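Shown here: input08.pdb, PDB, C-alpha atoms.
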MODEL        1
ATOM      1  CA  MET A   1      -9.339 140.756  54.605
ATOM      2  CA  ARG A   2     -12.739 142.273  53.921
ATOM      3  CA  VAL A   3     -15.854 142.363  56.066
ATOM      4  CA  HIS A   4     -19.244 141.641  54.465
ATOM      5  CA  ILE A   5     -22.732 142.107  55.897
ATOM      6  CA  THR A   6     -25.989 140.778  54.494
ATOM      7  CA  SER A   7     -28.966 143.049  53.956
ATOM      8  CA  LEU A   8     -32.546 141.942  53.365
ATOM      9  CA  TYR A   9     -34.511 143.334  50.411
ATOM     10  CA  GLY A  10     -38.044 142.640  49.256
ATOM     11  CA  MET A  11     -39.388 142.712  52.803
ATOM     12  CA  MET A  12     -41.450 145.701  53.856
ATOM     13  CA  GLY A  13     -41.879 147.003  57.356
ATOM     14  CA  VAL A  14     -39.712 146.830  60.433
ATOM     15  CA  VAL A  15     -37.742 143.738  59.437
ATOM     16  CA  GLY A  16     -36.419 145.046  56.135
ATOM     17  CA  VAL A  17     -35.805 148.530  57.493
ATOM     18  CA  SER A  18     -33.933 147.186  60.530
ATOM     19  CA  GLN A  19     -31.571 145.034  58.473
ATOM     20  CA  ARG A  20     -30.960 147.745  55.884
ATOM     21  CA  ARG A  21     -30.163 150.261  58.659
ATOM     22  CA  THR A  22     -27.724 147.806  60.221
ATOM     23  CA  ALA A  23     -26.095 147.210  56.817
ATOM     24  CA  GLU A  24     -25.854 150.994  56.300
ATOM     25  CA  ILE A  25     -23.921 151.300  59.557
ATOM     26  CA  GLY A  26     -21.683 148.504  58.266
ATOM     27  CA  ARG A  27     -21.119 150.315  54.964
ATOM     28  CA  GLN A  28     -20.106 153.446  56.923
ATOM     29  CA  LEU A  29     -17.528 151.251  58.671
ATOM     30  CA  GLY A  30     -16.232 150.005  55.313
ATOM     31  CA  PHE A  31     -18.144 146.707  55.110
ATOM     32  CA  ASN A  32     -19.253 145.263  51.778
ATOM     33  CA  GLU A  33     -23.007 144.650  51.459
ATOM     34  CA  LEU A  34     -24.353 141.248  50.395
ATOM     35  CA  GLY A  35     -27.936 141.822  49.238
ATOM     36  CA  ILE A  36     -30.375 139.004  50.008
ATOM     37  CA  PHE A  37     -33.817 139.231  48.449
ATOM     38  CA  ARG A  38     -36.894 137.763  50.106
ATOM     39  CA  TYR A  39     -38.443 135.271  47.692
ATOM     40  CA  PRO A  40     -40.262 131.904  47.724
ATOM     41  CA  VAL A  41     -37.145 129.705  48.058
ATOM     42  CA  GLU A  42     -39.200 126.500  48.275
ATOM     43  CA  SER A  43     -39.853 126.764  44.520
ATOM     44  CA  ASP A  44     -36.107 126.784  43.712
ATOM     45  CA  THR A  45     -34.291 123.722  42.496
ATOM     46  CA  ASP A  46     -30.829 123.064  43.919
ATOM     47  CA  VAL A  47     -29.325 124.479  40.708
ATOM     48  CA  GLU A  48     -31.326 127.721  41.027
ATOM     49  CA  LEU A  49     -30.411 128.035  44.702
ATOM     50  CA  SER A  50     -26.756 127.524  43.807
ATOM     51  CA  LYS A  51     -26.957 130.349  41.238
ATOM     52  CA  ARG A  52     -28.515 132.686  43.812
ATOM     53  CA  TYR A  53     -25.815 131.827  46.329
ATOM     54  CA  ASP A  54     -23.053 132.376  43.748
ATOM     55  CA  GLY A  55     -24.442 135.814  42.895
ATOM     56  CA  ILE A  56     -24.698 136.900  46.522
ATOM     57  CA  SER A  57     -21.329 135.525  47.609
ATOM     58  CA  ALA A  58     -19.233 136.429  44.546
ATOM     59  CA  GLY A  59     -17.246 139.097  46.409
ATOM     60  CA  ILE A  60     -16.279 136.906  49.355
ATOM     61  CA  GLY A  61     -12.688 135.728  49.496
ATOM     62  CA  SER A  62     -10.437 133.638  51.690
ATOM     63  CA  GLY A  63      -9.759 135.285  55.048
ATOM     64  CA  ASP A  64     -12.905 137.462  54.948
ATOM     65  CA  ILE A  65     -15.534 137.922  57.646
ATOM     66  CA  VAL A  66     -19.239 137.508  56.817
ATOM     67  CA  ILE A  67     -21.916 138.965  59.111
ATOM     68  CA  TYR A  68     -25.087 137.046  58.270
ATOM     69  CA  GLN A  69     -28.183 138.944  59.425
ATOM     70  CA  SER A  70     -31.022 136.681  60.409
ATOM     71  CA  PRO A  71     -33.877 136.091  59.902
ATOM     72  CA  THR A  72     -33.900 136.268  56.100
ATOM     73  CA  PHE A  73     -37.477 134.940  55.932
ATOM     74  CA  ASN A  74     -36.341 132.676  53.099
ATOM     75  CA  GLY A  75     -36.609 129.630  55.326
ATOM     76  CA  THR A  76     -34.068 127.315  56.826
ATOM     77  CA  LYS A  77     -33.299 125.735  53.434
ATOM     78  CA  PHE A  78     -31.800 129.026  52.230
ATOM     79  CA  ASP A  79     -29.988 129.787  55.494
ATOM     80  CA  ASP A  80     -28.537 126.287  55.738
ATOM     81  CA  TYR A  81     -27.465 126.334  52.078
ATOM     82  CA  PHE A  82     -25.759 129.722  52.453
ATOM     83  CA  ILE A  83     -23.779 128.869  55.598
ATOM     84  CA  THR A  84     -22.972 125.302  54.466
ATOM     85  CA  ASN A  85     -21.618 126.543  51.139
ATOM     86  CA  LEU A  86     -19.485 129.207  52.802
ATOM     87  CA  ARG A  87     -17.957 126.449  54.923
ATOM     88  CA  TRP A  88     -17.579 124.085  51.945
ATOM     89  CA  ARG A  89     -15.977 126.690  49.713
ATOM     90  CA  TYR A  90     -13.701 128.434  52.220
ATOM     91  CA  GLY A  91     -13.449 126.110  55.219
ATOM     92  CA  GLN A  92     -12.244 127.882  58.337
ATOM     93  CA  SER A  93     -10.585 130.701  56.373
ATOM     94  CA  VAL A  94     -13.872 132.657  56.322
ATOM     95  CA  LYS A  95     -15.257 133.678  59.690
ATOM     96  CA  VAL A  96     -19.060 133.739  59.889
ATOM     97  CA  ILE A  97     -20.946 135.830  62.427
ATOM     98  CA  ILE A  98     -24.668 135.100  62.604
ATOM     99  CA  PHE A  99     -26.434 138.241  63.801
ATOM    100  CA  VAL A 100     -29.974 137.433  64.947
ATOM    101  CA  GLU A 101     -32.057 140.572  65.199
ATOM    102  CA  ASP A 102     -34.817 140.628  67.761
ATOM    103  CA  ILE A 103     -37.264 143.025  66.146
ATOM    104  CA  VAL A 104     -40.187 142.494  68.513
ATOM    105  CA  PRO A 105     -39.312 145.411  70.842
ATOM    106  CA  MET A 106     -39.001 147.721  67.825
ATOM    107  CA  MET A 107     -42.480 146.760  66.669
ATOM    108  CA  TYR A 108     -44.002 148.016  69.910
ATOM    109  CA  GLN A 109     -41.912 151.145  70.314
ATOM    110  CA  GLY A 110     -44.184 154.128  70.790
ATOM    111  CA  ASN A 111     -47.312 152.000  71.229
ATOM    112  CA  GLU A 112     -47.235 151.942  75.007
TER     113      GLU A 112
ENDMDL
END
Would you encode the structure as structure tokens?
Amino acid sequence: MRVHITSLYGMMGVVGVSQRRTAEIGRQLGFNELGIFRYPVESDTDVELSKRYDGISAGIGSGDIVIYQSPTFNGTKFDDYFITNLRWRYGQSVKVIIFVEDIVPMMYQGNE
């Protein structure tokens, strides 16, 4: 069993930094990083989206745990596709943890 954690790339500022820091902590704990790039997903066909998913999820295997950091800012189409395909491919053998980061307090830190 391996543990994977997503990390957002292509997003500047607090959001990208926050997710990459969280993924770094995961890597220190032995987690495998799944890089997700911010891009205009609405322009993708289903075939292109499938290729992106396959590239991101190639290291996931039966019995693994996936920590999915949200938001990805790729829209609900991407998020739904990713989670649905994990379930379709692995069923209940892969455990999915959706980690929603509330970045608003971080944005205002030090601006009081």
Checklist entry - Which residues, written as an MDAnalysis selection string, have at least one atom at most 12 Å from stretch 46-51 of chain A, with only C-alpha atoms counted and residues fewer than 5 positions away on the same chain left out? => result chainID A and resid 39:41 56:58 74 77:82 84:86
Next on the checklist: Given all atoms listed in the file as the basis, pick out the residue of A:Thr72, A:Ser7, A:Gln19, A:Ser62 nearest to A:Arg38.
Outcome noted: A:Thr72
Item to check | Point-to-point distance from atom CA of A:Asp64 to atom CA of A:Asp102, Å rounded to tenths | outcome: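 Answer for the atom CA of A:Asp64 to atom CA of A:Asp102 separation: 25.6 Å.
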Next on the checklist: Residues within 9 Å of (-19.1, 138.6, 55.8), file coordinates, counting only C-alpha atoms: what are they? Give the list as a PyMOL selection string.
Outcome noted: chain A and resi 2-6+31-34+60+64-68+94-97
Give, as JSON, the centre coordinates and the x, y and z edge lengths in Å to one decimal for an axis-aligned box around all listed atoms of stretch 70-82 of chain A, padded by 5 Å on each side.
{"center_x": -31.6, "center_y": 131.2, "center_z": 56.2, "size_x": 21.7, "size_y": 20.9, "size_z": 18.3}
Next on the checklist: So the first atom is atom CA of A:Met11 and the second is atom CA of A:Ile36; what is the distance between them in Å, to one decimal place?
Outcome noted: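 Atom-to-atom, atom CA of A:Met11 to atom CA of A:Ile36, that is 10.1 Å.
Straight-line separation from atom CA of A:Ile25 to atom CA of A:Gly10: 19.5 Å.
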Checklist entry - With distances taken over all atoms listed in the file, which of A:Ser18, A:Trp88, A:Gly59, A:Tyr53 is nearest to A:Val100? => result A:Ser18
Checklist entry - Closest to A:Phe37 among A:Met12, A:Met1, A:Phe99, A:Gly91, using all atoms listed in the file? => result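 Between A:Met12, A:Met1, A:Phe99, A:Gly91, the residue approaching A:Phe37 most closely is A:Met12.
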